[in-house]
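Below: target.cif (mmCIF, C-alpha atoms and all ligand atoms)
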data_entry
loop_
_atom_site.label_atom_id
_atom_site.label_comp_id
_atom_site.auth_asym_id
_atom_site.auth_seq_id
_atom_site.Cartn_x
_atom_site.Cartn_y
_atom_site.Cartn_z
CA MET Z 36 -98.30 97.32 56.47
CA ALA Z 37 -97.12 99.91 53.97
CA SER Z 38 -95.21 101.77 56.65
CA SER Z 39 -93.34 98.65 57.76
CA PHE Z 40 -92.24 97.99 54.14
CA ALA Z 41 -91.06 101.58 53.93
CA THR Z 42 -89.07 101.06 57.13
CA ASP Z 43 -87.55 97.87 55.73
CA ARG Z 44 -86.32 99.76 52.67
CA ASN Z 45 -84.56 102.25 54.93
CA LEU Z 46 -82.59 99.53 56.70
CA LYS Z 47 -79.01 98.88 55.61
CA ARG Z 48 -78.31 95.43 54.24
CA PRO Z 49 -77.96 92.96 57.10
CA GLY Z 50 -74.54 92.19 58.47
CA GLU Z 51 -72.98 88.81 59.22
CA VAL Z 52 -70.94 87.30 62.04
CA HIS Z 53 -68.49 84.47 61.37
CA VAL Z 54 -66.59 83.00 64.32
CA ILE Z 55 -63.35 81.02 64.01
CA VAL Z 56 -62.12 79.30 67.20
CA GLY Z 57 -59.61 76.62 68.15
CA PRO Z 58 -56.40 76.11 70.13
CA MET Z 59 -53.16 77.97 69.45
CA PHE Z 60 -51.33 77.00 66.22
CA ALA Z 61 -54.61 75.89 64.56
CA GLY Z 62 -54.38 78.47 61.76
CA LYS Z 63 -57.11 80.82 63.07
CA THR Z 64 -55.31 83.96 61.90
CA THR Z 65 -54.55 82.35 58.53
CA ALA Z 66 -58.25 81.46 58.12
CA LEU Z 67 -59.22 85.02 59.08
CA LEU Z 68 -56.78 86.49 56.54
CA ARG Z 69 -57.95 84.11 53.81
CA ARG Z 70 -61.53 85.19 54.40
CA VAL Z 71 -60.62 88.88 54.48
CA LYS Z 72 -58.51 88.58 51.30
CA SER Z 73 -61.42 86.97 49.46
CA GLU Z 74 -63.61 89.92 50.48
CA LEU Z 75 -60.89 92.33 49.28
CA ASN Z 76 -60.98 90.56 45.90
CA LEU Z 77 -64.69 91.43 45.71
CA ASP Z 78 -63.71 95.12 46.09
CA ARG Z 79 -65.08 95.34 49.61
CA ASN Z 80 -63.64 97.76 52.14
CA VAL Z 81 -61.90 95.73 54.77
CA VAL Z 82 -60.12 96.37 58.06
CA ILE Z 83 -58.51 94.08 60.62
CA ILE Z 84 -58.42 94.88 64.32
CA LYS Z 85 -56.22 93.09 66.80
CA SER Z 86 -55.55 93.58 70.48
CA SER Z 87 -52.71 95.92 71.41
CA LYS Z 88 -51.97 93.45 74.24
CA ASP Z 89 -50.39 91.07 71.74
CA ALA Z 90 -47.07 92.67 70.81
CA ARG Z 91 -45.36 89.44 69.81
CA TYR Z 92 -45.05 90.63 66.23
CA ALA Z 93 -45.38 94.03 64.53
CA ILE Z 94 -47.98 96.31 66.16
CA ASP Z 95 -49.47 97.54 62.87
CA SER Z 96 -49.83 94.20 61.16
CA VAL Z 97 -51.28 90.76 61.76
CA VAL Z 98 -48.66 88.09 61.26
CA THR Z 99 -49.53 84.41 61.07
CA HIS Z 100 -47.25 81.73 62.49
CA ASP Z 101 -46.03 81.10 58.92
CA GLY Z 102 -45.04 84.77 58.57
CA THR Z 103 -47.80 86.17 56.28
CA LYS Z 104 -48.43 89.85 57.09
CA PHE Z 105 -51.57 91.97 56.83
CA PRO Z 106 -51.92 95.63 57.90
CA CYS Z 107 -54.21 96.19 60.85
CA TRP Z 108 -55.26 98.38 63.78
CA ALA Z 109 -53.98 97.43 67.22
CA LEU Z 110 -56.40 98.68 69.88
CA PRO Z 111 -56.95 98.15 73.62
CA ASP Z 112 -60.72 97.81 73.09
CA LEU Z 113 -63.28 97.72 70.27
CA SER Z 114 -65.58 100.50 71.48
CA SER Z 115 -62.98 103.13 70.54
CA PHE Z 116 -62.59 101.82 66.97
CA LYS Z 117 -65.35 103.80 65.24
CA GLN Z 118 -64.13 107.10 66.65
CA LYS Z 119 -60.44 106.39 65.97
CA PHE Z 120 -61.09 105.06 62.45
CA GLY Z 121 -63.40 108.01 61.63
CA ALA Z 122 -67.21 107.92 61.25
CA ASN Z 123 -67.14 108.40 57.45
CA ALA Z 124 -64.48 105.77 56.89
CA TYR Z 125 -66.43 103.43 59.19
CA ASP Z 126 -69.62 103.95 57.17
CA ARG Z 127 -67.79 102.86 54.00
CA LEU Z 128 -66.44 99.69 55.64
CA ASP Z 129 -67.93 96.36 54.56
CA VAL Z 130 -65.85 93.83 56.46
CA ILE Z 131 -64.22 93.95 59.91
CA GLY Z 132 -61.81 91.17 60.89
CA ILE Z 133 -61.06 90.79 64.61
CA ASP Z 134 -58.00 88.74 65.54
CA GLU Z 135 -57.12 87.42 69.03
CA ALA Z 136 -60.73 88.25 69.95
CA GLN Z 137 -60.37 86.73 73.44
CA PHE Z 138 -58.59 89.90 74.53
CA PHE Z 139 -61.57 92.20 73.83
CA ASP Z 140 -64.00 92.45 76.75
CA ASP Z 141 -66.48 94.50 74.66
CA LEU Z 142 -66.60 91.96 71.81
CA HIS Z 143 -70.27 91.04 72.22
CA GLU Z 144 -71.48 94.64 72.30
CA PHE Z 145 -69.30 95.59 69.31
CA CYS Z 146 -70.47 92.62 67.19
CA CYS Z 147 -74.15 93.32 67.98
CA GLU Z 148 -73.89 96.93 66.92
CA ALA Z 149 -71.65 96.42 63.87
CA ALA Z 150 -73.58 93.46 62.42
CA ASP Z 151 -77.17 94.19 63.52
CA LEU Z 152 -77.30 97.97 63.16
CA ASP Z 153 -74.40 98.92 60.88
CA GLY Z 154 -74.62 96.00 58.42
CA LYS Z 155 -70.96 94.98 58.68
CA ILE Z 156 -69.60 91.52 57.92
CA LEU Z 157 -67.57 90.47 60.97
CA VAL Z 158 -64.97 87.72 60.94
CA VAL Z 159 -63.96 86.98 64.52
CA ALA Z 160 -60.98 84.72 65.30
CA GLY Z 161 -59.90 83.77 68.81
CA LEU Z 162 -59.22 81.11 71.40
CA ASP Z 163 -62.36 79.41 72.69
CA GLY Z 164 -60.54 78.17 75.79
CA ASP Z 165 -57.46 79.05 77.81
CA TYR Z 166 -54.68 76.66 78.88
CA MET Z 167 -56.98 75.30 81.63
CA ARG Z 168 -59.78 74.76 79.01
CA ARG Z 169 -61.85 77.48 80.67
CA THR Z 170 -63.82 79.82 78.41
CA PHE Z 171 -61.50 82.65 77.37
CA GLY Z 172 -62.75 86.27 77.30
CA SER Z 173 -66.00 86.89 75.41
CA VAL Z 174 -65.40 84.71 72.34
CA LEU Z 175 -68.05 82.13 73.26
CA ASP Z 176 -70.53 84.92 74.02
CA VAL Z 177 -70.70 85.86 70.32
CA ILE Z 178 -71.57 82.33 69.15
CA PRO Z 179 -75.32 83.01 69.61
CA LEU Z 180 -74.86 86.01 67.28
CA ALA Z 181 -73.02 84.05 64.61
CA ASP Z 182 -74.03 82.99 61.09
CA THR Z 183 -71.25 80.39 61.12
CA VAL Z 184 -68.88 78.90 63.70
CA THR Z 185 -65.71 77.03 62.73
CA LYS Z 186 -63.56 75.14 65.22
CA LEU Z 187 -60.11 74.54 63.75
CA THR Z 188 -57.65 71.98 65.07
CA ALA Z 189 -53.87 71.88 65.23
CA ARG Z 190 -51.49 68.87 65.29
CA CYS Z 191 -50.57 67.46 68.70
CA GLU Z 192 -46.94 68.36 69.28
CA LEU Z 193 -46.36 65.05 71.04
CA CYS Z 194 -48.08 62.47 68.82
CA GLY Z 195 -49.23 64.24 65.64
CA LYS Z 196 -52.94 63.51 66.12
CA ARG Z 197 -55.54 66.26 65.89
CA ALA Z 198 -55.05 68.81 68.70
CA PHE Z 199 -58.02 70.57 70.28
CA PHE Z 200 -56.38 72.15 73.31
CA THR Z 201 -53.50 74.44 74.27
CA LEU Z 202 -51.08 73.22 76.94
CA ARG Z 203 -48.94 75.74 78.80
CA LYS Z 204 -45.39 74.54 79.20
CA THR Z 205 -44.45 76.83 82.09
CA ASN Z 206 -45.59 77.26 85.66
CA GLU Z 207 -47.02 80.76 85.19
CA MET Z 208 -50.57 80.79 86.51
CA GLN Z 209 -52.17 83.96 85.08
CA THR Z 210 -54.76 83.49 82.31
CA GLU Z 211 -53.23 86.07 79.97
CA LEU Z 212 -49.65 85.00 79.43
CA ILE Z 213 -48.84 86.02 75.88
CA GLY Z 214 -46.35 83.81 74.13
CA GLY Z 215 -45.71 81.45 71.26
CA ALA Z 216 -44.20 78.00 70.95
CA ASP Z 217 -41.84 78.77 73.84
CA VAL Z 218 -44.78 78.83 76.25
CA TYR Z 219 -47.60 76.85 74.60
CA MET Z 220 -48.12 73.74 72.55
CA PRO Z 221 -51.18 72.26 70.86
CA VAL Z 222 -52.11 68.83 72.20
CA CYS Z 223 -54.66 66.06 71.73
CA ARG Z 224 -56.97 65.11 74.59
CA GLN Z 225 -54.73 62.35 75.90
CA HIS Z 226 -51.61 64.51 75.97
CA TYR Z 227 -53.56 67.41 77.46
CA VAL Z 228 -54.59 65.23 80.39
CA ASN Z 229 -51.09 63.72 80.77
CA GLY Z 230 -49.46 67.13 80.38
CA GLN Z 231 -51.68 68.80 82.98
CA ALA Z 232 -50.90 65.98 85.41
CA ALA Z 233 -47.18 66.39 84.73
CA MET Z 234 -47.36 70.15 85.23
CA GLU Z 235 -49.26 69.60 88.48
CA VAL Z 236 -46.43 67.33 89.72
CA ALA Z 237 -43.88 69.95 88.63
CA ARG Z 238 -45.76 72.73 90.49
CA ASN Z 239 -45.78 70.64 93.63
CA VAL Z 240 -42.03 70.06 93.26
CA VAL Z 241 -41.54 73.84 92.92
CA GLU Z 242 -43.60 74.46 96.03
CA ALA Z 243 -41.61 71.87 97.99
CA GLN Z 244 -38.10 72.63 96.77
CA LYS Z 245 -38.27 76.08 95.16
CA ILE Z 246 -36.16 74.99 92.22
CA PRO Z 247 -35.90 77.30 89.17
CA ASN Z 248 -38.74 77.19 86.63
CA ASP Z 249 -36.62 76.11 83.65
CA LEU Z 250 -35.54 72.96 85.47
CA THR Z 251 -39.18 72.30 86.33
CA VAL Z 252 -40.27 72.50 82.71
CA GLU Z 253 -37.63 69.95 81.76
CA ALA Z 254 -38.84 67.74 84.58
CA ALA Z 255 -42.41 68.13 83.34
CA ALA Z 256 -41.42 67.42 79.75
CA ALA Z 257 -39.71 64.23 80.89
CA LEU Z 258 -42.91 63.13 82.60
CA VAL Z 259 -45.20 63.69 79.57
ZN ZN Z 301 -51.15 63.69 71.42
#
Could you render the structure from this file as structure tokens?
Ligand SMILES: [Zn+2]
Amino acid sequence: MASSFATDRNLKRPGEVHVIVGPMFAGKTTALLRRVKSELNLDRNVVIIKSSKDARYAIDSVVTHDGTKFPCWALPDLSSFKQKFGANAYDRLDVIGIDEAQFFDDLHEFCCEAADLDGKILVVAGLDGDYMRRTFGSVLDVIPLADTVTKLTARCELCGKRAFFTLRKTNEMQTELIGGADVYMPVCRQHYVNGQAAMEVARNVVEAQKIPNDLTVEAAAALV
């Protein structure tokens, strides 16, 4: 028994994992920044990592839809972070914020190691589902690791009710189409279902007539 107590004393303090999900425009980045700022106020060492795939705004900062900026590291994956950040600097870190977490394939592995072994507090923000409401990347895989899970909602762009889903306004079919309000809108369940049906009609029209995409979107918008 004595030896196990001795081992316990050698362990670092336990880490934490907090997951923030929701559709686009739900304030996930804002919630992440609020959490990280509150940790900064407690004199904790904090860093934010975001995917280098998302170059909509500045590469070296996280910018919320309302324009608030926070410096960060833009990386293609999480496994390279410790080495790029420096082992000593990493050891001194208390809190790691991860934004747009759906773009990191190694999210689960990174969270396990950082929280379980290295004692870091992780705040992970990302989309739980894509525009087809399929699970997006590895975000849902870290829920079993989490201390807390928060699902935020947006406002439906069409009726103002609570929005749980992201509707793609264009005919592009790939899962990772990075864009803002020009490509996506938050919608309630009813308008998600109506919108998907309208987009389906529009896609069929494109197939049949090969008309330009921008006309199709207008046609789809008229059908919503
Ligand atoms: Zn609605």
Enumerate residues in contact with ligand ZN 301 (chain Z): an atom-to-atom distance of at most 8 Å, counting only C-alpha atoms and all ligand atoms. Format the result as a PDB file with C-alpha atoms, keeping the file's coordinate frame.
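Wrote result22.pdb, looks like this:
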ATOM      1  CA  CYS Z 191     -50.570  67.460  68.700  1.00  0.00           C
ATOM      2  CA  GLU Z 192     -46.940  68.360  69.280  1.00  0.00           C
ATOM      3  CA  LEU Z 193     -46.360  65.050  71.040  1.00  0.00           C
ATOM      4  CA  CYS Z 194     -48.080  62.470  68.820  1.00  0.00           C
ATOM      5  CA  GLY Z 195     -49.230  64.240  65.640  1.00  0.00           C
ATOM      6  CA  LYS Z 196     -52.940  63.510  66.120  1.00  0.00           C
ATOM      7  CA  ARG Z 197     -55.540  66.260  65.890  1.00  0.00           C
ATOM      8  CA  ALA Z 198     -55.050  68.810  68.700  1.00  0.00           C
ATOM      9  CA  VAL Z 222     -52.110  68.830  72.200  1.00  0.00           C
ATOM     10  CA  CYS Z 223     -54.660  66.060  71.730  1.00  0.00           C
ATOM     11  CA  ARG Z 224     -56.970  65.110  74.590  1.00  0.00           C
ATOM     12  CA  GLN Z 225     -54.730  62.350  75.900  1.00  0.00           C
ATOM     13  CA  HIS Z 226     -51.610  64.510  75.970  1.00  0.00           C
ATOM     14  CA  TYR Z 227     -53.560  67.410  77.460  1.00  0.00           C
TER      15      TYR Z 227
END
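Across Z:Ala189, Z:Met59, Z:Phe105, Z:Asp141, the tightest approach to Val218 (chain Z) is made by Z:Met59 when counting all atoms listed in the file.
Distances from Z:Met167, Z:Ala233, Z:Val54, Z:Leu110 to Leu180 (chain Z) were compared using all atoms listed in the file, and the smallest one belongs to Z:Val54.
The environment of Leu212 (chain Z) within 10 Å, counting all atoms listed in the file and disregarding residues fewer than 4 places along the same chain, consists of Asp89, Asp165, Tyr166, Arg203, Glu207, Met208, Val218 and Tyr219 of chain Z.
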Please produce an output containing C-alpha atoms for each residue in the selection, written as an mmCIF file, in the frame of the given file.
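See selection_34.cif below for the written result:
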data_model
loop_
_atom_site.group_PDB
_atom_site.id
_atom_site.type_symbol
_atom_site.label_atom_id
_atom_site.label_comp_id
_atom_site.auth_asym_id
_atom_site.auth_seq_id
_atom_site.Cartn_x
_atom_site.Cartn_y
_atom_site.Cartn_z
ATOM 1 C CA ASP Z 89 -50.390 91.070 71.740
ATOM 2 C CA ASP Z 165 -57.460 79.050 77.810
ATOM 3 C CA TYR Z 166 -54.680 76.660 78.880
ATOM 4 C CA ARG Z 203 -48.940 75.740 78.800
ATOM 5 C CA GLU Z 207 -47.020 80.760 85.190
ATOM 6 C CA MET Z 208 -50.570 80.790 86.510
ATOM 7 C CA VAL Z 218 -44.780 78.830 76.250
ATOM 8 C CA TYR Z 219 -47.600 76.850 74.600
#
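Counting from CA of Asp182 (chain Z), the distance to CA of Val52 (chain Z) is 5.4 Å.
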